[in-house]
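Q: I'm passing along coords-v1.cif; it holds mmCIF, C-alpha atoms.
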```cif
data_my_file
#
loop_
_atom_site.label_atom_id
_atom_site.label_comp_id
_atom_site.auth_asym_id
_atom_site.auth_seq_id
_atom_site.Cartn_x
_atom_site.Cartn_y
_atom_site.Cartn_z
CA GLY K 1 51.25 -31.10 50.21
CA ASN K 2 49.01 -33.45 48.28
CA ILE K 3 45.69 -34.37 49.91
CA GLU K 4 44.17 -36.85 47.41
CA ASP K 5 45.03 -40.34 46.18
CA GLY K 6 45.00 -41.45 42.55
CA ASP K 7 47.35 -38.93 40.96
CA GLY K 8 50.74 -40.51 41.64
CA CYS K 9 51.25 -38.89 45.05
CA SER K 10 49.10 -40.28 47.84
CA SER K 11 47.30 -38.36 50.58
CA ILE K 12 50.25 -39.08 52.89
CA CYS K 13 52.67 -37.75 50.25
CA VAL K 14 54.30 -40.99 49.06
CA PHE K 15 54.59 -42.35 45.50
CA GLU K 16 51.67 -44.55 44.47
CA ASP K 17 52.13 -47.86 42.68
CA GLY K 18 51.70 -47.72 38.89
CA TRP K 19 52.88 -44.12 38.52
CA SER K 20 56.12 -42.54 37.35
CA CYS K 21 57.06 -39.17 38.86
CA THR K 22 59.78 -36.83 37.63
CA GLY K 23 60.38 -33.12 38.25
CA GLY K 24 57.16 -32.60 40.20
CA ALA K 25 54.87 -34.28 37.65
CA CYS K 26 53.40 -37.81 37.66
CA ILE K 27 51.99 -40.00 34.90
CA PRO K 28 50.45 -43.49 35.00
CA GLU K 29 53.12 -46.00 34.02
CA ALA K 30 50.62 -47.84 31.83
CA PRO K 31 47.29 -46.53 30.42
CA ARG K 32 44.16 -48.61 31.01
CA VAL K 33 42.04 -49.92 28.13
CA THR K 34 38.47 -49.16 29.20
CA SER K 35 36.20 -50.13 26.31
CA ALA K 36 35.65 -52.98 23.90
CA LYS K 37 36.38 -52.68 20.17
CA VAL K 38 33.63 -51.12 18.10
CA VAL K 39 33.52 -51.61 14.31
CA PHE K 40 32.48 -48.45 12.43
CA ASN K 41 33.16 -49.75 8.89
CA LYS K 42 33.00 -53.47 8.09
CA LYS K 43 34.76 -53.11 4.74
CA THR K 44 38.37 -52.32 3.90
CA THR K 45 39.32 -49.08 5.64
CA ASP K 46 42.47 -47.08 4.96
CA ARG K 47 44.11 -43.61 5.24
CA LEU K 48 42.82 -43.08 8.79
CA SER K 49 43.01 -39.72 10.54
CA ALA K 50 41.30 -38.65 13.79
CA VAL K 51 41.08 -35.34 15.67
CA SER K 52 39.35 -34.23 18.86
CA LEU K 53 36.11 -32.25 18.90
CA GLY K 54 36.18 -32.03 22.70
CA ASP K 55 33.34 -32.98 25.02
CA ASN K 56 33.90 -36.74 24.49
CA ARG K 57 33.76 -36.55 20.69
CA ALA K 58 36.15 -37.15 17.81
CA PHE K 59 36.09 -36.59 14.05
CA ILE K 60 37.50 -39.33 11.80
CA THR K 61 38.34 -39.41 8.09
CA TYR K 62 39.17 -42.49 6.05
CA MET K 63 39.25 -43.99 2.59
CA ASP K 64 36.54 -46.60 2.02
CA ALA K 65 38.19 -49.10 -0.34
CA ASP K 66 34.91 -50.94 -0.89
CA ASN K 67 33.11 -47.73 -1.83
CA LYS K 68 35.19 -46.76 -4.88
CA ASN K 69 38.02 -45.45 -2.60
CA ARG K 70 35.94 -42.44 -1.69
CA GLY K 71 36.88 -40.08 1.10
CA MET K 72 34.61 -40.54 4.12
CA ALA K 73 34.07 -38.79 7.45
CA ILE K 74 32.39 -40.02 10.63
CA THR K 75 31.98 -38.90 14.25
CA ALA K 76 32.72 -40.94 17.36
CA SER K 77 31.32 -40.20 20.83
CA MET K 78 31.77 -41.65 24.29
CA LYS K 79 28.33 -42.11 25.86
CA ASN K 80 27.83 -43.88 29.18
CA GLY K 81 31.24 -45.47 28.85
CA GLU K 82 30.62 -46.84 25.34
CA LEU K 83 31.82 -45.71 21.93
CA VAL K 84 29.05 -44.64 19.55
CA PHE K 85 29.61 -43.79 15.89
CA GLY K 86 27.53 -41.66 13.56
CA SER K 87 26.83 -42.47 9.93
CA GLY K 88 29.65 -42.27 7.41
CA THR K 89 29.47 -39.19 5.17
CA VAL K 90 31.13 -38.89 1.76
CA PHE K 91 33.24 -35.74 1.49
CA ASN K 92 34.93 -36.66 -1.82
CA PRO K 93 33.00 -38.80 -4.31
CA SER K 94 36.20 -39.34 -6.33
CA PRO K 95 38.99 -41.73 -5.30
CA THR K 96 41.48 -40.56 -2.67
CA THR K 97 44.20 -43.19 -2.70
CA ASP K 98 47.41 -41.22 -2.10
CA PRO K 99 49.07 -42.70 1.04
CA SER K 100 49.46 -39.22 2.59
CA GLY K 101 46.63 -37.60 0.68
CA MET K 102 44.01 -37.13 3.42
CA VAL K 103 44.46 -35.05 6.58
CA VAL K 104 42.13 -33.27 8.99
CA THR K 105 42.23 -30.68 11.76
CA THR K 106 39.58 -29.05 13.95
CA ILE K 107 39.15 -25.31 14.44
CA ASP K 108 36.45 -25.47 17.14
CA ASP K 109 34.29 -28.09 18.86
CA SER K 110 31.90 -28.41 15.91
CA THR K 111 34.03 -27.68 12.84
CA ALA K 112 36.73 -29.66 11.04
CA VAL K 113 38.77 -28.83 7.96
CA ILE K 114 39.71 -31.68 5.62
CA ALA K 115 42.51 -31.45 3.05
CA TYR K 116 42.81 -34.21 0.46
CA HIS K 117 44.25 -35.29 -2.87
CA ASP K 118 41.65 -35.82 -5.60
CA ASP K 119 42.81 -38.66 -7.83
CA GLU K 120 40.62 -37.80 -10.82
CA SER K 121 41.86 -34.22 -11.20
CA ASN K 122 45.30 -34.76 -9.58
CA THR K 123 44.69 -31.60 -7.56
CA CYS K 124 44.64 -31.00 -3.80
CA ARG K 125 41.55 -29.51 -2.17
CA ALA K 126 40.19 -28.51 1.22
CA LEU K 127 36.73 -28.09 2.68
CA VAL K 128 34.95 -27.17 5.90
CA ALA K 129 32.89 -29.88 7.63
CA SER K 130 30.38 -28.86 10.32
CA VAL K 131 29.12 -31.29 12.96
CA GLN K 132 25.57 -31.01 14.26
CA ASP K 133 24.88 -33.75 16.81
CA GLU K 134 26.12 -36.77 14.82
CA GLU K 135 25.37 -35.33 11.36
CA ILE K 136 28.25 -33.99 9.25
CA LEU K 137 27.56 -31.14 6.80
CA ILE K 138 30.13 -30.85 4.02
CA GLY K 139 31.06 -27.44 2.60
CA GLU K 140 32.27 -26.67 -0.90
CA ALA K 141 35.73 -27.97 -1.76
CA VAL K 142 38.37 -25.35 -2.68
CA GLU K 143 41.47 -26.15 -4.70
CA PHE K 144 44.68 -25.04 -2.99
CA ALA K 145 47.15 -26.91 -5.21
CA PRO K 146 46.70 -27.29 -8.99
CA SER K 147 47.69 -30.35 -10.99
CA PRO K 148 50.12 -31.94 -10.49
CA CYS K 149 49.65 -32.03 -6.74
CA LEU K 150 51.69 -34.97 -5.47
CA GLY K 151 49.99 -35.23 -2.10
CA GLU K 152 52.14 -35.74 1.01
CA LEU K 153 49.74 -33.39 2.77
CA SER K 154 49.83 -31.95 6.26
CA ILE K 155 47.47 -29.49 7.96
CA ALA K 156 47.34 -27.44 11.16
CA ALA K 157 44.95 -24.88 12.65
CA LEU K 158 46.56 -21.64 13.79
CA SER K 159 43.28 -20.10 15.00
CA PRO K 160 39.50 -20.66 14.58
CA THR K 161 39.72 -18.89 11.22
CA THR K 162 43.23 -19.72 9.96
CA ILE K 163 44.80 -22.98 8.80
CA VAL K 164 48.05 -23.88 7.06
CA VAL K 165 48.53 -26.74 4.58
CA THR K 166 51.61 -28.23 2.96
CA TYR K 167 51.98 -30.33 -0.17
CA ASN K 168 54.39 -31.41 -2.90
CA GLY K 169 53.87 -30.00 -6.35
CA GLY K 170 54.95 -27.41 -8.90
CA GLU K 171 57.02 -28.19 -11.96
CA TYR K 172 59.37 -31.17 -12.24
CA PRO K 173 61.44 -32.08 -10.22
CA PHE K 174 58.81 -30.67 -7.83
CA ALA K 175 59.18 -29.01 -4.43
CA GLY K 176 57.55 -28.63 -1.01
CA TYR K 177 55.00 -25.81 -0.66
CA LEU K 178 52.80 -24.31 2.04
CA SER K 179 49.75 -22.07 1.90
CA ILE K 180 47.64 -20.24 4.49
CA GLY K 181 43.85 -20.67 4.40
CA GLU K 182 41.48 -18.04 5.82
CA ILE K 183 38.10 -19.49 6.79
CA ASP K 184 34.70 -17.83 6.55
CA LEU K 185 32.67 -19.80 9.10
CA GLN K 186 29.32 -18.38 7.99
CA GLN K 187 29.88 -19.29 4.36
CA LYS K 188 31.84 -22.45 5.27
CA SER K 189 34.41 -21.42 2.68
CA ILE K 190 38.22 -21.14 2.56
CA ARG K 191 40.39 -18.58 0.77
CA PHE K 192 44.02 -19.60 0.27
CA THR K 193 47.05 -17.38 -0.09
CA GLU K 194 49.56 -17.90 -2.85
CA ALA K 195 51.68 -20.94 -2.03
CA GLN K 196 55.28 -20.45 -0.94
CA GLU K 197 58.10 -22.92 -1.44
CA TYR K 198 59.75 -24.09 1.78
CA LEU K 199 61.90 -26.88 0.33
CA ALA K 200 63.48 -27.15 -3.13
CA SER K 201 62.81 -30.89 -3.29
CA PRO K 202 59.68 -32.97 -2.51
CA ALA K 203 59.18 -33.65 1.20
CA SER K 204 57.72 -36.86 2.63
CA PHE K 205 56.33 -37.38 6.14
CA VAL K 206 55.72 -33.67 6.85
CA SER K 207 54.10 -32.68 10.16
CA MET K 208 53.21 -29.23 11.50
CA VAL K 209 52.73 -27.97 15.05
CA PRO K 210 50.88 -24.69 15.77
CA LEU K 211 52.50 -22.62 18.53
CA GLY K 212 49.85 -19.96 19.00
CA PRO K 213 47.89 -17.88 16.48
CA ASN K 214 50.81 -16.57 14.43
CA ARG K 215 53.56 -19.18 14.34
CA PHE K 216 54.11 -22.88 13.79
CA VAL K 217 56.90 -25.41 13.43
CA LEU K 218 57.30 -27.36 10.21
CA ASN K 219 58.92 -30.79 10.75
CA TYR K 220 60.19 -32.70 7.71
CA PRO K 221 63.05 -34.82 6.35
CA ASP K 222 65.34 -33.26 3.75
CA GLU K 223 65.58 -35.99 1.12
CA GLU K 224 68.63 -34.35 -0.48
CA ARG K 225 70.55 -34.80 2.80
CA PRO K 226 70.10 -38.53 3.69
CA MET K 227 66.67 -37.89 5.26
CA GLN K 228 68.00 -35.31 7.71
CA GLY K 229 65.20 -34.39 10.13
CA ASN K 230 64.55 -30.63 10.33
CA ALA K 231 62.33 -28.34 12.36
CA HIS K 232 61.63 -24.94 10.79
CA LEU K 233 59.99 -22.09 12.71
CA VAL K 234 57.50 -20.15 10.56
CA THR K 235 55.44 -17.05 11.39
CA TRP K 236 52.30 -15.60 9.78
CA ASP K 237 51.46 -11.97 10.54
CA GLY K 238 48.13 -11.96 8.72
CA SER K 239 49.58 -10.95 5.38
CA ALA K 240 53.01 -12.56 4.95
CA ILE K 241 54.84 -15.79 5.78
CA THR K 242 58.31 -15.48 7.33
CA PHE K 243 60.70 -18.41 7.61
CA GLY K 244 62.79 -18.24 10.76
CA THR K 245 65.16 -20.58 12.56
CA LYS K 246 65.78 -24.06 11.14
CA GLN K 247 67.32 -26.76 13.33
CA GLN K 248 67.97 -30.43 12.64
CA PHE K 249 66.72 -32.98 15.16
CA THR K 250 68.49 -35.95 13.59
CA ALA K 251 71.36 -36.06 11.09
CA SER K 252 69.90 -38.83 8.93
CA GLY K 253 67.29 -41.55 8.61
CA ALA K 254 64.13 -39.64 9.63
CA LEU K 255 61.06 -41.53 8.38
CA ALA K 256 57.33 -41.34 9.20
CA ILE K 257 57.55 -38.03 11.10
CA GLU K 258 54.60 -37.08 13.28
CA SER K 259 54.43 -34.15 15.71
CA VAL K 260 51.99 -32.71 18.27
CA GLY K 261 52.12 -29.51 20.27
CA LEU K 262 51.95 -29.60 24.07
CA ASN K 263 51.86 -25.84 24.66
CA GLU K 264 53.02 -22.67 22.90
CA SER K 265 56.72 -23.48 23.30
CA GLN K 266 57.03 -27.29 23.37
CA TRP K 267 56.16 -30.13 21.03
CA VAL K 268 56.86 -33.85 20.67
CA THR K 269 58.03 -35.45 17.42
CA ALA K 270 57.93 -39.18 16.73
CA PHE K 271 59.85 -40.74 13.86
CA LEU K 272 61.28 -44.00 12.65
CA ASP K 273 65.03 -43.66 13.11
CA ALA K 274 66.46 -45.51 10.11
CA SER K 275 70.00 -44.52 11.04
CA SER K 276 70.03 -47.44 13.51
CA LEU K 277 69.68 -51.13 12.69
CA PRO K 278 67.07 -52.33 13.14
CA PRO K 279 65.26 -48.98 12.83
CA GLN K 280 63.79 -47.78 16.12
CA ALA K 281 60.61 -45.80 16.70
CA VAL K 282 61.58 -42.82 18.85
CA VAL K 283 60.18 -39.60 20.32
CA ILE K 284 62.03 -36.35 20.91
CA LEU K 285 61.04 -33.11 22.65
CA GLY K 286 61.37 -29.81 20.78
CA GLN K 287 61.37 -26.45 22.59
CA ILE K 288 61.47 -22.78 21.64
CA LYS K 289 64.01 -20.89 23.71
CA ASP K 290 64.34 -17.08 23.85
CA ASN K 291 61.37 -16.87 21.46
CA SER K 292 63.41 -17.91 18.42
CA THR K 293 65.94 -20.69 19.16
CA ILE K 294 64.98 -24.36 18.72
CA GLU K 295 66.42 -26.98 21.07
CA PHE K 296 65.86 -30.74 21.23
CA SER K 297 66.06 -33.37 23.94
CA GLU K 298 67.69 -36.76 23.63
CA LYS K 299 65.81 -39.42 21.66
CA HIS K 300 63.65 -41.89 23.61
CA SER K 301 62.72 -45.22 22.01
CA PHE K 302 59.14 -46.43 22.48
CA ALA K 303 59.39 -49.50 20.20
CA GLN K 304 62.16 -51.44 18.50
CA ARG K 305 60.17 -51.50 15.29
CA ALA K 306 56.82 -49.84 14.63
CA ALA K 307 55.71 -49.24 11.05
CA THR K 308 52.75 -47.04 11.97
CA TYR K 309 51.93 -44.95 15.03
CA SER K 310 49.99 -41.93 16.20
CA LEU K 311 50.80 -39.15 18.68
CA THR K 312 48.15 -37.49 20.84
CA ALA K 313 48.83 -34.39 22.92
CA ILE K 314 47.43 -34.22 26.46
CA PRO K 315 48.21 -30.56 27.18
CA PRO K 316 50.09 -28.96 28.67
CA TYR K 317 52.81 -31.53 29.48
CA ARG K 318 51.66 -35.05 28.60
CA PHE K 319 51.23 -37.11 25.43
CA SER K 320 50.55 -40.65 24.26
CA VAL K 321 51.87 -42.80 21.42
CA ALA K 322 49.64 -45.51 19.93
CA TYR K 323 51.60 -47.87 17.74
CA GLN K 324 51.85 -51.16 15.91
CA ASP K 325 54.43 -53.34 17.71
CA PHE K 326 56.20 -55.20 14.92
CA ASP K 327 58.18 -57.32 17.39
CA ASP K 328 55.05 -58.52 19.22
CA ASN K 329 52.94 -59.89 16.34
CA ASN K 330 51.89 -56.37 15.22
CA LYS K 331 49.71 -55.87 18.29
CA GLY K 332 48.29 -52.42 18.95
CA LYS K 333 49.88 -50.75 21.98
CA VAL K 334 49.87 -47.33 23.64
CA VAL K 335 52.40 -45.65 25.93
CA LEU K 336 52.14 -42.42 27.93
CA GLY K 337 54.81 -39.74 28.04
CA ASN K 338 55.41 -36.80 30.34
CA VAL K 339 57.48 -33.62 30.14
CA SER K 340 58.58 -32.20 33.49
CA LEU K 341 58.77 -28.49 34.30
CA ASP K 342 62.52 -28.56 33.66
CA GLY K 343 62.02 -30.09 30.18
CA GLU K 344 62.86 -33.73 30.96
CA MET K 345 60.89 -36.35 29.02
CA THR K 346 59.90 -39.72 30.49
CA LEU K 347 57.95 -42.63 29.02
CA GLY K 348 55.74 -45.05 30.91
CA THR K 349 55.04 -48.73 30.22
CA GLY K 350 53.05 -49.70 27.14
CA SER K 351 49.57 -51.25 27.33
CA THR K 352 48.00 -53.46 24.67
CA PHE K 353 44.72 -52.16 23.26
CA HIS K 354 44.44 -54.70 20.41
CA HIS K 355 45.74 -58.26 20.75
CA GLY K 356 45.20 -59.00 17.06
CA GLN K 357 47.29 -57.60 14.23
CA VAL K 358 47.19 -53.91 13.34
CA ALA K 359 47.62 -53.42 9.59
CA GLY K 360 50.10 -50.91 8.26
CA SER K 361 53.27 -49.99 6.44
CA THR K 362 55.66 -47.13 7.16
CA GLY K 363 53.76 -43.89 7.70
CA GLN K 364 50.57 -45.00 5.97
CA GLY K 365 47.85 -44.06 8.42
CA GLN K 366 46.62 -47.46 9.61
CA ILE K 367 46.39 -46.27 13.20
CA THR K 368 45.32 -42.90 14.55
CA SER K 369 44.21 -41.50 17.89
CA ALA K 370 42.47 -38.48 19.39
CA LEU K 371 41.68 -37.13 22.84
CA LEU K 372 38.05 -37.45 23.96
CA ASN K 373 38.61 -35.75 27.32
CA GLU K 374 41.52 -35.12 29.70
CA GLU K 375 41.66 -38.77 30.74
CA THR K 376 40.36 -40.69 27.71
CA GLU K 377 41.47 -41.09 24.11
CA ILE K 378 40.20 -43.11 21.20
CA MET K 379 42.45 -45.40 19.13
CA VAL K 380 41.25 -45.97 15.56
CA PHE K 381 42.92 -48.70 13.52
CA SER K 382 42.44 -51.28 10.81
#
```
Once you've parsed the file, please lay out its structure as structure tokens.
A:
Amino acid sequence: GNIEDGDGCSSICVFEDGWSCTGGACIPEAPRVTSAKVVFNKKTTDRLSAVSLGDNRAFITYMDADNKNRGMAITASMKNGELVFGSGTVFNPSPTTDPSGMVVTTIDDSTAVIAYHDDESNTCRALVASVQDEEILIGEAVEFAPSPCLGELSIAALSPTTIVVTYNGGEYPFAGYLSIGEIDLQQKSIRFTEAQEYLASPASFVSMVPLGPNRFVLNYPDEERPMQGNAHLVTWDGSAITFGTKQQFTASGALAIESVGLNESQWVTAFLDASSLPPQAVVILGQIKDNSTIEFSEKHSFAQRAATYSLTAIPPYRFSVAYQDFDDNNKGKVVLGNVSLDGEMTLGTGSTFHHGQVAGSTGQGQITSALLNEETEIMVFS
């Protein structure tokens, strides 16, 4: 039996107030907001993306609209219960204005990889960024998609030395491509494989989930089939990409797709379900069964309307959704979710972390979040 309070089941083995328990797992019904807002950039800030560095730190990228739309990176740390930011570092001196043209992932607790669209050359590039204390050291940018690269980027780390990126490009009418990047940590360089087409038409709102060192799930809407939402299992054996099972998670109307992995067989996907009126912001659980079959849970709505939101995984069975609540004066809110051992998803009650208005339009990175530790995450918004 349980012997401690404060985890949903009390020391006398009864449910505690403020917790929701299903299938042997408990989550707080509403997360607590524990710090005041901290401004890290006083000017117009856009294209936000945040990832965890572990040990109470996060890595954030953004477009600084008052600094010639340059791509910027900054660190955030939790110290003595307060958020502390480093100094902003330019990683792309050229404009980076594509709505989905700036993404980031981490490969260890001191190294991030940034992929971005360079407006001046109309190419897509990636670079390694190393963090030493609060200083960010920028490696040499490597082109992974020649002109015309149409952006709509996504990125995921498969291992400490392997990443995968997706983009739209090629010859008109263009298509969706992916490429594997092998990282040399000593040289802070990236070598990309030849890109492979995964969709014959351009793909918007693409999101990838790594499921271990040699496979990942590619989530995207098929624009030739009324925005049908698809999940495609892909493997990488170190020399070749293999496309496996593809399964739809919604028949139509999938917008602003975002996904995070919980463990090596389960992930959560959030999307704006435009097949309903008004469109609802929903989450759905994806699972790998028998090592190759993809199955999905029922949809769960977390907001009637939310133009922008961000998923954060709290492995192995929890997650959070930070979102702009359109029906409550665009306030910033966050809700916790849990997946039980038998694969049942539950959502808690939302908490408000920003009582003012969160800026944003569908899928355009005005809110992002990252885990600082097992119990704390940072919400970054404009």
Q: Which neighbours of region 165-175 of chain K fall inside 9 Å, counting all atoms listed in the file, when residues of the same chain fewer than 4 positions from it are skipped, and could you give them as a VMD selection string?
A: chain K and resid 115 124 144 to 156 179 to 181 195 197 to 204 206 to 208
Q: Between K:Ser351, K:Ser297, K:Thr308, K:Thr96, which is the closest to Phe381 (chain K) once you count only C-alpha atoms?
A: K:Thr308
Q: Name the closest residue to Asp325 (chain K) among the candidates K:Ile74, K:Ile367, K:Leu285, K:Ile114; distances are taken between atoms, counting only C-alpha atoms.
A: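 Going through K:Ile74, K:Ile367, K:Leu285, K:Ile114 one by one, the smallest distance to Asp325 (chain K) is for K:Ile367.
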Q: Translate the PyMOL selection byres ((chain K and resi 84) around 10), as applied to the file shown, into an explicit residue set as a list in words.
A: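 Applying the expression gives Val38, Val39, Phe40, Arg57, Thr75, Ala76, Ser77, Met78, Lys79, Asn80, Gly81, Glu82, Leu83, Phe85, Gly86 and Glu134 of chain K.
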Q: So that each row is one residue of region 302-345 of chain K with an atom at most 7 Å from region 256-272 of chain K, can you give its shortest atom pair and the distance in Å to one decimal, using only C-alpha atoms, rows by chain and rising number, as a tab-separated table?
A:
```
residue	atom	partner	partner_atom	distance
K:Leu311	CA	K:Val260	CA	6.6
K:Thr312	CA	K:Val260	CA	6.6
K:Ala313	CA	K:Leu262	CA	5.8
K:Ile314	CA	K:Leu262	CA	6.9
K:Pro315	CA	K:Leu262	CA	5.0
K:Pro316	CA	K:Leu262	CA	5.0
K:Tyr317	CA	K:Leu262	CA	5.8
```
Q: Go through the shown structure with the PyMOL selection byres ((chain K and resi 230-233) around 10) and write out the matching residues as a PyMOL selection string.
A: chain K and resi 198+206-211+215-222+227-229+234-235+242-252+254+269+286+288+292-296
Q: Ranking K:Met345, K:Leu178, K:Ile241, K:Leu48 by minimum distance to Ser100 (chain K) and counting all atoms listed in the file, which one comes first?
A: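 Closest to Ser100 (chain K) of all the choices is K:Leu48.
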Q: Gln280 (chain K): which residues within 9 Å, counting all atoms listed in the file, same-chain residues fewer than 4 positions away excluded, as a list in words?
A: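 Counting only the stated atoms, we get Phe271, Leu272, Asp273, Ala274, Ser275, Ser276, Ser301, Phe302, Ala303, Gln304, Arg305 and Ala306 of chain K.
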Q: Could you expand the PyMOL selection byres ((chain K and resi 376) around 12) into the explicit residues it covers here, written as a VMD selection string?
A: chain K and resid 31 to 35 52 54 to 58 77 to 78 81 to 83 312 to 314 319 to 320 336 369 to 375 377 to 379
Q: Compare K:Arg70, K:Lys299, K:His117, K:Lys331 by their minimum atom-to-atom distance to Glu344 (chain K), counting all atoms listed in the file, and give me the closest one.
A: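 Under the stated criterion, the closest residue is K:Lys299.
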Q: In Å to one decimal, how far is CA of Val282 (chain K) from CA of Thr346 (chain K)?
A: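 Separating CA of Thr346 (chain K) from CA of Val282 (chain K) is a distance of 12.2 Å.
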Q: Take CA of Val283 (chain K) and CA of Gln366 (chain K) and report the distance between them in Å, one decimal.
A: 19.0 Å
Q: Using all atoms listed in the file, pick whichever of K:Val164, K:Val128, K:Ala141, K:Val321 has the shortest atom-to-atom distance to Tyr309 (chain K).
A: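 Looking at the shortest contact to Tyr309 (chain K), the residue is K:Val321.
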Q: Please determine, counting all atoms listed in the file, which residue among K:Gly139, K:Asn92, K:Ser49, K:Asp66 has the shortest atom-to-atom distance to Ser121 (chain K).
A: K:Asn92
Q: Provide the CA of Leu185 (chain K) to CA of Ser87 (chain K) distance in Å, to one decimal place.
A: 23.4 Å
